[in-house]
Every structure is written in C-alpha cells, then in structure tokens.
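Participant: Sending over a structure as structure tokens; questions will come in a sec.
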Amino acid sequence: MLLEQLVNGITLGSIYAIVALGFTLVFGVLGIINMAHGEIFMVGAFVGVMTTSVLGWPLWLAFIASIVVTGILGYLLERITLRPLRGKKGVSHLAPLISTIGVSILLENLSHHIFGAGNQPFRSSFAEISIEIGSITIYLVQIVIFAISILLMIGLTIWLSKTKAGKALRATAENLETASILGVDTKKIITLTVIIASAMGGIAGILVGMAFNSVSPQMGLSMGLKGLAIIILGGMGNVKGAMAGGLILGLSETFLVAFGDSGYRDAIAFIMIIFILLLRPQGIFGSKIAEGR
Amino acid sequence: MLADIINPYFLQILSFILINILLAISVYVPLSSGQLSLGSAGFMGVGAYTSALLTIHFDIPLIIGILAGACVAGILGIIVGIPSLRLSGVYLAIATLGLGEVIRVIFVNWESLTKGSIGLTGIPQMGREILNFAKGFGFDPAMIGLKSNQFVYLVIVLILLLLVIATIWFVVRQQNSRVGRSLSSIQMDEKAAESMGINITYYKVLSFTQGAFLAGLAGALFAHVMGYISPSDFSYHRAVEILIFTVFGGSEVILGAVFGATFLTLVPEVLRFISDYRYIIYGIVLIILMAVRPQGIFDIHLLNRLKGLKRSKGGVR
C-alpha cells in the first residue's frame, strides 16, 4: 500500500515537474510568468486524445503531433502576446502577466466549445500493461512517465550547460542587453525558449492523459496553478528546484488522498505557496531574488 | 408613469452593474499602489459567506451582516497583506491567486458550515427585508404606484447606487490627499518613494486592505441581492473577470474601473448571442489591449483631452 502510493506519488510528481520546467524556463529567460502554460498543457493532452482515439494513430505519432501543436502555440504566444510588450515604453511589468491570462482563458474556453465540458477518455491499450512485484502493481505507464521526465531533465541540463544555444539562452537569462551586444540573437533565443517550454507542456499533457485516462478543458487551470506553486517552492528559474518541487507536491498530494481528506488535495499547492512565500520567498533551491524582477 | 418605466429585469441588471463597479474598484485601489491582487474573488466570497451565514443562523440585521462581511474580508486582507508585502508584483499576484483558490476549496469542503458545492440558499434578500420593514410602518408600495417586486428591486438599486457613489467619492478624495499621492508615488517607484520618507509598508497594506474590504462588501451585497451563493461564484474565473473590468476600462483612473464594469456587464446582456462566447472574447480583448493600449480605454491623457473638448464646446475659447 505504502509502496504503491509512493509509486503513484512519484508518477504524479514527475508530471508536475515537467509542467514546472516549462514555467521555469520562461521565467528564467524572460522574467515572465506564463499564465497560459497550463492551457497549452491541456491542448497537448487533447491532441493526444484526438490523434489516438479518433484518428487511431499510434502513441509515438501522437507524441510528435502534440509536441508540434504545442510548439506552434508557443511560437504564436511569443509572437502575438509577448513580443509586442517587450521593450515598449511605459508598459508595466504586470502587462505580460495579464496578457498571458488572456491567452489562458481564450484557450480554455475555445476547447470548451470544441470538445465540450466533460471528460474525454484516453483510450490506449498501453495504459493497461502492468508488472507485479511482490504485492504491488506498477503500471508500465508509470515507469515510462518517470523515465521521460528524468530524460527531459538530463537533456535540458546538458543542453543548457554544454551546447551553444543553451549557453546563449543562459546568457540571455542573465542579461538580455549584454547578451545581444555580445552577438546573441536574443529574439531567436527567446522564441526558442517559449517553444521548448510549450512543447514540454504538450509532453506533460499526453503523459497525464495516459496516466489518468481522462482529459478535460478545466485541467489546464489547476495544473497551471500547481506548476506555479512548484516553481515558487523550488525557486524561480531553477531547473533542479522544479524537479524537486514537483516530486514534493506529487508525493504530498498522493499521501493526503490516501491517508487524509481528499477534498483538500487541491489546496495543498496553494497553502504551500503561501507558506513558502512568507518564509523563504526565494524558494528551497533559489538564491536571493534578483531585484527588479 | 413611474410604474410603467420600471422593469425588474433592467433593475436587476443595473444592480449587477453596480456590484461589479464595486468589485472593479476593489482591484483598482491596490493597483493604484502597484499591487496586482488576483484574490478579489476570494475576498468577495469571504464577505458573502460571512454575511449570509450570520444573517441565516443568528438572525441579525442585514446591515450588520453586510458590514461584518466586509470587515472580515478587510481583516483577512491585513493578515495576508502584511507578510505579502515582502513580495513584489508578480509574486503578490500569485500569492493572492493561491489565497483565492484556498478559500474556494475551503468553501467546497467545509460542508457542515457552507453546505459544500451546493451552496447556501435562503439568504435574506435585501429588498424584501426592507419591504417587510416598511410594511411594519403601514407602508405599501402601492401608495407610490409600484408593485411589490418593482419596489424591491428599486430599493436594491438605490442602496447600491448610494454605496457606489460613496465609494467613488471616498476613493477620489483619497487620491487627492496625502495618502493618494503616497500611493501613486509608490506605484511609480517604490525605492524613490521610500527614500522620500514615505512609509511604504503602511500605505501598501492600507491600499491592499481597502481593496479586500471593498471586495468583501461587494460580496456581501451580492449574497443579499441574489439570495443564493455557491463556491463557483467565487472561482478563479470571477477573479479574472474582475481584473478585466479594471484593465479594460483603464487601470490608471477610477473612471476606467467604472466604465469597464458597466460596459462589460451590459454587453453580454444586450447582445445575447455573445454571452456564450463571453470568455473567448474576454481573452482576445485582454491580449489585444495589452499589446495596443496597456493602460486601458481611459487614461489621464484621454480624460484631459475630453475635458478640453468640453471647454471648447462651451465657447470659452
């Protein structure tokens, strides 16, 4: 029982971590909280449902489709809502926040109109395969989710620290103007960041569809808010923090549902935010918050 | 005559507009010191539930219930406001967003008190209470040529109108005072304001608490106008809707909040077919607005130009 819950918690936590990574990337580079990230995640999940159940595509193709669609959404997000605000005089730092809130309610209600309000089942024979070790049952999906999230983490860390584009991204995150003086095409880097973050949201979307077998237009909101909670918990713009924060939230939610009152499950994330912000605003792994952000 | 003009449906829409104006102002006031609060729906819910529960269970007069609702929301505002001041813009927005969600989850789960997601019914309705009260003195709406329900809605609108005017008067007066100047200097540049000797903690908590109080007041009024509340009335969507009122109308001047709330409440009523696509349109409006005119429809320049227009029409020049 305990072990099974542990596995469930880690699965949920890995998905949270992937969502949070998307938030963290965008915040790290742009200093913007992308409130539409949860909805992009939801679109990713719906692309998964539509391609596998309606069109009958295989799972790997669904993954690619979802990455492509959310990547395009990310590009549009940056092109239409974020770029016009950048470098404009007299724009308050709250403007991007409000404008991404606009994108989020637009996407949520569009998919509400297109797909209806109810839950869509995610039909995939893959989700049924399970392994029994002693007294506990582990689904293959859970292992896959964990593996994918670890791979994404490692891949992202290597990409950020070793490749040229990753270095340019970190330089841009450090200081946009200096980076552009030193010959980094910051426009391109920012667009790339938003696209990668959104694609990660899309991957998380499909994984959630596989793990919990249901997808609905409202799931973006709660997932987005939890992602926010996690990056605050782990430290804004911190990749390790996002992973650790995701696992902490996933485990504590699973254990609350198993041993406590499931109704308060959704409140944990926010109680966590409030306490973290009050006690240690820079997050568990964060260094002191840079002024002026 | 009077009785023919007064249509309960219009009066009800008018009362929604007035409540929404209060809500829009509750976002506007903290924003005028540079604090974005996304918790207004939560504070509204606290006000609504406090007042509704007090009047249902303890039979206390409505006015005390409503005031108590607003005060509890205000106190919660202080409790949340003081520690959140360590947080700058974006963090405060998230913390208040989290607060709003926690409040909603509590409403849903504390079933013994709040009846969970079903919501509270049988909340004393403001207009009817006043009608019964007036009847105690031998007053009958027919005496001024009105039907009972016309009278009920008319009274609600009049009370709300009075409250809205009083609130606007208060906010405008405050803006032209020492407090208001401090708030706008904090919005411009916190550090500069602090070095000029302005106690920024005090003023930020003040404006945040005023926002919470107003949201609580609007929530309590909402409960006693509708007679029915449920946690879904105070969800994240409500918070976004309130934010849009202010941002759309213009977040720099109070006229913006008033205009935004009025316009955006009227449009879905007048254009029924739009009402289904309301949130889609809200989303597009927010995106376009931020890109084209981030300060909202009304700003100080536009107001000045309008004033100039009026003067030249008046033939001064």
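Each chain in the structure tokens gets a letter, A, B and so on, in the order shown; residues start at 1 in every chain, and ligands are counted from 1 in the order they appear.
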Just the residues within 9 Å of Gly220 in chain A, please, counting only C-alpha atoms, with nothing from its chain fewer than 3 positions along; format it as an MDAnalysis selection string.
Facilitator: chainID A and resid 36:43 104 108 205 216:217 223:225
Participant: Provide as a list of chain:residue names the residues of chain B at most 6 Å from chain A, counting only C-alpha atoms.
Facilitator: B:Ala95, B:Gly98, B:Val102, B:Ile280, B:Gly283, B:Leu286, B:Ile287, B:Met290, B:Ala291
Participant: Dump N, CA and C atoms for the selected residues as a short mmCIF file (atom, residue, chain, number, x, y, z; two decimals), in the first residue's frame?
Facilitator:
data_model
loop_
_atom_site.label_atom_id
_atom_site.label_comp_id
_atom_site.auth_asym_id
_atom_site.auth_seq_id
_atom_site.Cartn_x
_atom_site.Cartn_y
_atom_site.Cartn_z
N ALA B 95 0.51 34.85 -4.97
CA ALA B 95 0.11 34.55 -3.60
C ALA B 95 -1.38 34.80 -3.40
N GLY B 98 -3.33 32.14 -5.10
CA GLY B 98 -3.34 30.95 -4.26
C GLY B 98 -4.33 31.11 -3.13
N VAL B 102 -7.48 28.70 -2.20
CA VAL B 102 -7.60 28.04 -0.89
C VAL B 102 -8.97 28.35 -0.30
N ILE B 280 -14.22 33.78 -24.38
CA ILE B 280 -13.33 33.80 -25.53
C ILE B 280 -13.04 35.25 -25.90
N GLY B 283 -10.76 36.96 -23.46
CA GLY B 283 -9.36 36.58 -23.69
C GLY B 283 -8.75 37.41 -24.80
N LEU B 286 -8.21 41.02 -23.76
CA LEU B 286 -7.03 41.21 -22.91
C LEU B 286 -5.75 41.22 -23.73
N ILE B 287 -5.64 40.27 -24.66
CA ILE B 287 -4.41 40.17 -25.45
C ILE B 287 -4.22 41.44 -26.29
N MET B 290 -3.44 44.62 -24.13
CA MET B 290 -2.09 44.71 -23.59
C MET B 290 -1.09 45.09 -24.67
N ALA B 291 -1.35 44.61 -25.91
CA ALA B 291 -0.42 44.91 -26.99
C ALA B 291 -0.59 46.34 -27.48
#
Participant: Just want the 12 Å neighbourhood of Leu151 in chain A, counted on only C-alpha atoms, with same-chain residues fewer than 5 positions away dropped. Output as a list in words.
Facilitator: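 Here the qualifying residues turn out to be Ser14, Ile18, Val144, Ile145, Phe146, Leu156, Thr157, Ile158, Trp159, Met200 and Met243 of chain A.
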Participant: How would the residues just picked look written out with C-alpha atoms as a PDB file, in the first residue's frame?
Facilitator:
ATOM      1  CA  SER A  14       7.239  13.715 -12.407  1.00  0.00           C
ATOM      2  CA  ILE A  18       7.718  18.618 -16.400  1.00  0.00           C
ATOM      3  CA  VAL A 144       7.583   5.451 -18.831  1.00  0.00           C
ATOM      4  CA  ILE A 145       6.459   8.737 -17.295  1.00  0.00           C
ATOM      5  CA  PHE A 146       9.224   8.675 -14.754  1.00  0.00           C
ATOM      6  CA  LEU A 156      17.655  20.008 -20.571  1.00  0.00           C
ATOM      7  CA  THR A 157      20.545  20.303 -18.141  1.00  0.00           C
ATOM      8  CA  ILE A 158      23.063  19.107 -20.715  1.00  0.00           C
ATOM      9  CA  TRP A 159      21.546  21.309 -23.388  1.00  0.00           C
ATOM     10  CA  MET A 200       7.342  20.269 -22.702  1.00  0.00           C
ATOM     11  CA  MET A 243      12.058  18.725 -10.330  1.00  0.00           C
TER      12      MET A 243
END
Participant: Give the alpha helix (DSSP H) residues of range 39-248 of chain B, as assigned by DSSP on the backbone, as JSON, numbers by chain.
Facilitator: {"B": [40, 41, 42, 43, 44, 45, 46, 47, 48, 49, 50, 51, 52, 53, 54, 55, 56, 57, 58, 62, 63, 64, 65, 66, 67, 68, 69, 70, 71, 72, 73, 74, 75, 76, 77, 78, 79, 80, 81, 82, 83, 84, 89, 90, 91, 92, 93, 94, 95, 96, 97, 98, 99, 100, 101, 102, 103, 104, 105, 106, 107, 108, 109, 111, 112, 113, 114, 126, 127, 128, 129, 130, 131, 132, 133, 134, 135, 136, 148, 149, 150, 151, 152, 153, 154, 155, 156, 157, 158, 159, 160, 161, 162, 163, 164, 165, 166, 167, 168, 169, 170, 171, 172, 173, 174, 175, 178, 179, 180, 181, 182, 183, 184, 185, 186, 187, 188, 190, 191, 192, 193, 194, 195, 200, 201, 202, 203, 204, 205, 206, 207, 208, 209, 210, 211, 212, 213, 214, 215, 216, 217, 218, 219, 220, 221, 222, 223, 224, 225, 226, 236, 237, 238, 239, 240, 241, 242, 243, 244, 245, 246, 247, 248]}
Participant: So what do you get for CA of Ile281 in chain B versus CA of Val19 in chain A, distance-wise?
Facilitator: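 CA of Val19 in chain A lies at a distance of 26.8 Å from CA of Ile281 in chain B.
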Participant: Using only C-alpha atoms, which protein or nucleic acid residues come within 12 Å of Ala193 in chain B? Drop anything in the same chain fewer than 2 positions from it, and give the result as an NGL selection string.
Facilitator: :B and (33 or 181-191 or 195-201 or 203-204)
Participant: Given the selection you just returned, output its residues as a file containing N, CA, C and O atoms, formatted as a short mmCIF file (atom, residue, chain, number, x, y, z; two decimals), in the first residue's frame.
Facilitator:
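File written: out02.cif
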data_model
loop_
_atom_site.label_atom_id
_atom_site.label_comp_id
_atom_site.auth_asym_id
_atom_site.auth_seq_id
_atom_site.Cartn_x
_atom_site.Cartn_y
_atom_site.Cartn_z
N SER B 33 -1.45 51.46 -6.09
CA SER B 33 -0.14 51.49 -5.45
C SER B 33 0.74 50.39 -6.03
O SER B 33 1.70 49.95 -5.40
N ARG B 181 -1.39 60.57 -2.90
CA ARG B 181 -0.10 60.92 -3.52
C ARG B 181 0.97 59.91 -3.12
O ARG B 181 1.81 59.54 -3.94
N SER B 182 0.92 59.46 -1.85
CA SER B 182 1.87 58.43 -1.44
C SER B 182 1.68 57.18 -2.26
O SER B 182 2.65 56.59 -2.75
N LEU B 183 0.42 56.77 -2.44
CA LEU B 183 0.15 55.55 -3.19
C LEU B 183 0.69 55.66 -4.61
O LEU B 183 1.35 54.75 -5.10
N SER B 184 0.43 56.81 -5.26
CA SER B 184 0.88 56.86 -6.65
C SER B 184 2.40 56.98 -6.73
O SER B 184 3.00 56.51 -7.68
N SER B 185 3.02 57.57 -5.70
CA SER B 185 4.48 57.61 -5.76
C SER B 185 5.05 56.21 -5.55
O SER B 185 6.06 55.85 -6.15
N ILE B 186 4.37 55.40 -4.72
CA ILE B 186 4.83 54.02 -4.55
C ILE B 186 4.70 53.25 -5.86
O ILE B 186 5.56 52.48 -6.25
N GLN B 187 3.60 53.55 -6.58
CA GLN B 187 3.41 52.86 -7.85
C GLN B 187 4.49 53.23 -8.86
O GLN B 187 5.00 52.39 -9.59
N MET B 188 4.86 54.52 -8.85
CA MET B 188 5.88 54.98 -9.78
C MET B 188 7.22 54.33 -9.49
O MET B 188 7.87 53.76 -10.37
N ASP B 189 7.67 54.47 -8.26
CA ASP B 189 8.99 53.95 -7.91
C ASP B 189 9.06 53.74 -6.40
O ASP B 189 9.12 54.70 -5.64
N GLU B 190 9.04 52.48 -6.02
CA GLU B 190 8.97 52.18 -4.60
C GLU B 190 10.16 52.71 -3.83
O GLU B 190 10.03 53.29 -2.75
N LYS B 191 11.34 52.53 -4.42
CA LYS B 191 12.56 52.93 -3.70
C LYS B 191 12.61 54.43 -3.52
O LYS B 191 12.95 54.94 -2.46
N SER B 195 12.69 56.55 -0.06
CA SER B 195 13.75 57.49 0.31
C SER B 195 13.20 58.89 0.53
O SER B 195 13.85 59.73 1.14
N MET B 196 11.99 59.14 0.03
CA MET B 196 11.36 60.43 0.32
C MET B 196 10.66 60.42 1.68
O MET B 196 9.97 61.38 2.04
N GLY B 197 10.79 59.30 2.39
CA GLY B 197 10.22 59.26 3.73
C GLY B 197 8.80 58.73 3.80
O GLY B 197 8.11 58.91 4.79
N ILE B 198 8.36 58.11 2.71
CA ILE B 198 7.01 57.52 2.74
C ILE B 198 7.09 56.12 3.34
O ILE B 198 7.94 55.33 2.95
N ASN B 199 6.22 55.87 4.29
CA ASN B 199 6.19 54.55 4.92
C ASN B 199 5.49 53.58 3.98
O ASN B 199 4.27 53.44 4.01
N ILE B 200 6.27 52.91 3.12
CA ILE B 200 5.61 52.15 2.06
C ILE B 200 4.85 50.95 2.60
O ILE B 200 3.81 50.60 2.07
N THR B 201 5.36 50.33 3.66
CA THR B 201 4.64 49.18 4.21
C THR B 201 3.23 49.59 4.60
O THR B 201 2.24 48.96 4.23
N TYR B 203 1.37 52.16 3.67
CA TYR B 203 0.47 52.53 2.59
C TYR B 203 0.10 51.35 1.71
O TYR B 203 -1.01 51.27 1.20
N LYS B 204 1.04 50.43 1.54
CA LYS B 204 0.70 49.27 0.72
C LYS B 204 -0.34 48.40 1.41
O LYS B 204 -1.30 47.95 0.80
#
Participant: Looking at B:His224, B:Arg128, B:Arg178, B:Arg238, which one is nearest to Ser51 in chain B, with distances taken over only C-alpha atoms?
Facilitator: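 Nearest candidate to Ser51 in chain B out of B:His224, B:Arg128, B:Arg178, B:Arg238: B:His224.
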Participant: Fewer than 2 positions away in the same chain doesn't count, so skip those; otherwise give me all residues within 6 Å of Val152 in chain B, counting only C-alpha atoms, as number ranges by chain.
Facilitator: B: 127-128, 149-150, 154-155
Participant: Could you pull out all residues of range 82-223 of chain A with a DSSP call of strand (DSSP E) and give them as an MDAnalysis selection string?
Facilitator: chainID A and resid 120:121 130:133 136:139 214:215
Participant: Export, as a short mmCIF file (atom, residue, chain, number, x, y, z; two decimals), in the first residue's frame, the selected residues with N, CA, C and O atoms.
Facilitator:
data_model
loop_
_atom_site.label_atom_id
_atom_site.label_comp_id
_atom_site.auth_asym_id
_atom_site.auth_seq_id
_atom_site.Cartn_x
_atom_site.Cartn_y
_atom_site.Cartn_z
N GLN A 120 -12.85 13.59 -21.48
CA GLN A 120 -12.64 12.73 -22.63
C GLN A 120 -11.76 11.57 -22.19
O GLN A 120 -10.71 11.79 -21.62
N PRO A 121 -12.19 10.34 -22.45
CA PRO A 121 -11.32 9.22 -22.07
C PRO A 121 -10.12 9.12 -23.02
O PRO A 121 -10.22 9.49 -24.19
N SER A 130 0.73 -3.91 -16.89
CA SER A 130 1.26 -3.68 -15.55
C SER A 130 2.20 -4.81 -15.15
O SER A 130 2.17 -5.91 -15.70
N ILE A 131 3.05 -4.51 -14.21
CA ILE A 131 4.00 -5.50 -13.72
C ILE A 131 3.70 -5.71 -12.25
O ILE A 131 3.41 -4.75 -11.54
N GLU A 132 3.76 -6.96 -11.79
CA GLU A 132 3.55 -7.18 -10.37
C GLU A 132 4.86 -7.58 -9.72
O GLU A 132 5.51 -8.53 -10.12
N ILE A 133 5.24 -6.78 -8.74
CA ILE A 133 6.45 -7.11 -7.99
C ILE A 133 6.00 -7.36 -6.56
O ILE A 133 5.60 -6.44 -5.86
N ILE A 136 2.89 -5.46 -4.91
CA ILE A 136 2.49 -4.19 -5.51
C ILE A 136 2.41 -4.28 -7.02
O ILE A 136 3.11 -5.07 -7.66
N THR A 137 1.53 -3.47 -7.58
CA THR A 137 1.35 -3.43 -9.02
C THR A 137 1.91 -2.11 -9.54
O THR A 137 1.56 -1.04 -9.02
N ILE A 138 2.77 -2.20 -10.51
CA ILE A 138 3.27 -0.98 -11.13
C ILE A 138 2.87 -1.00 -12.59
O ILE A 138 3.07 -2.01 -13.28
N TYR A 139 2.27 0.09 -13.05
CA TYR A 139 1.90 0.15 -14.45
C TYR A 139 3.10 0.60 -15.26
O TYR A 139 3.91 1.40 -14.80
N SER A 214 -8.07 10.50 -18.45
CA SER A 214 -9.14 11.45 -18.74
C SER A 214 -8.56 12.83 -18.95
O SER A 214 -7.56 13.21 -18.35
N VAL A 215 -9.23 13.56 -19.84
CA VAL A 215 -8.74 14.87 -20.27
C VAL A 215 -9.94 15.81 -20.31
O VAL A 215 -10.99 15.44 -20.81
#
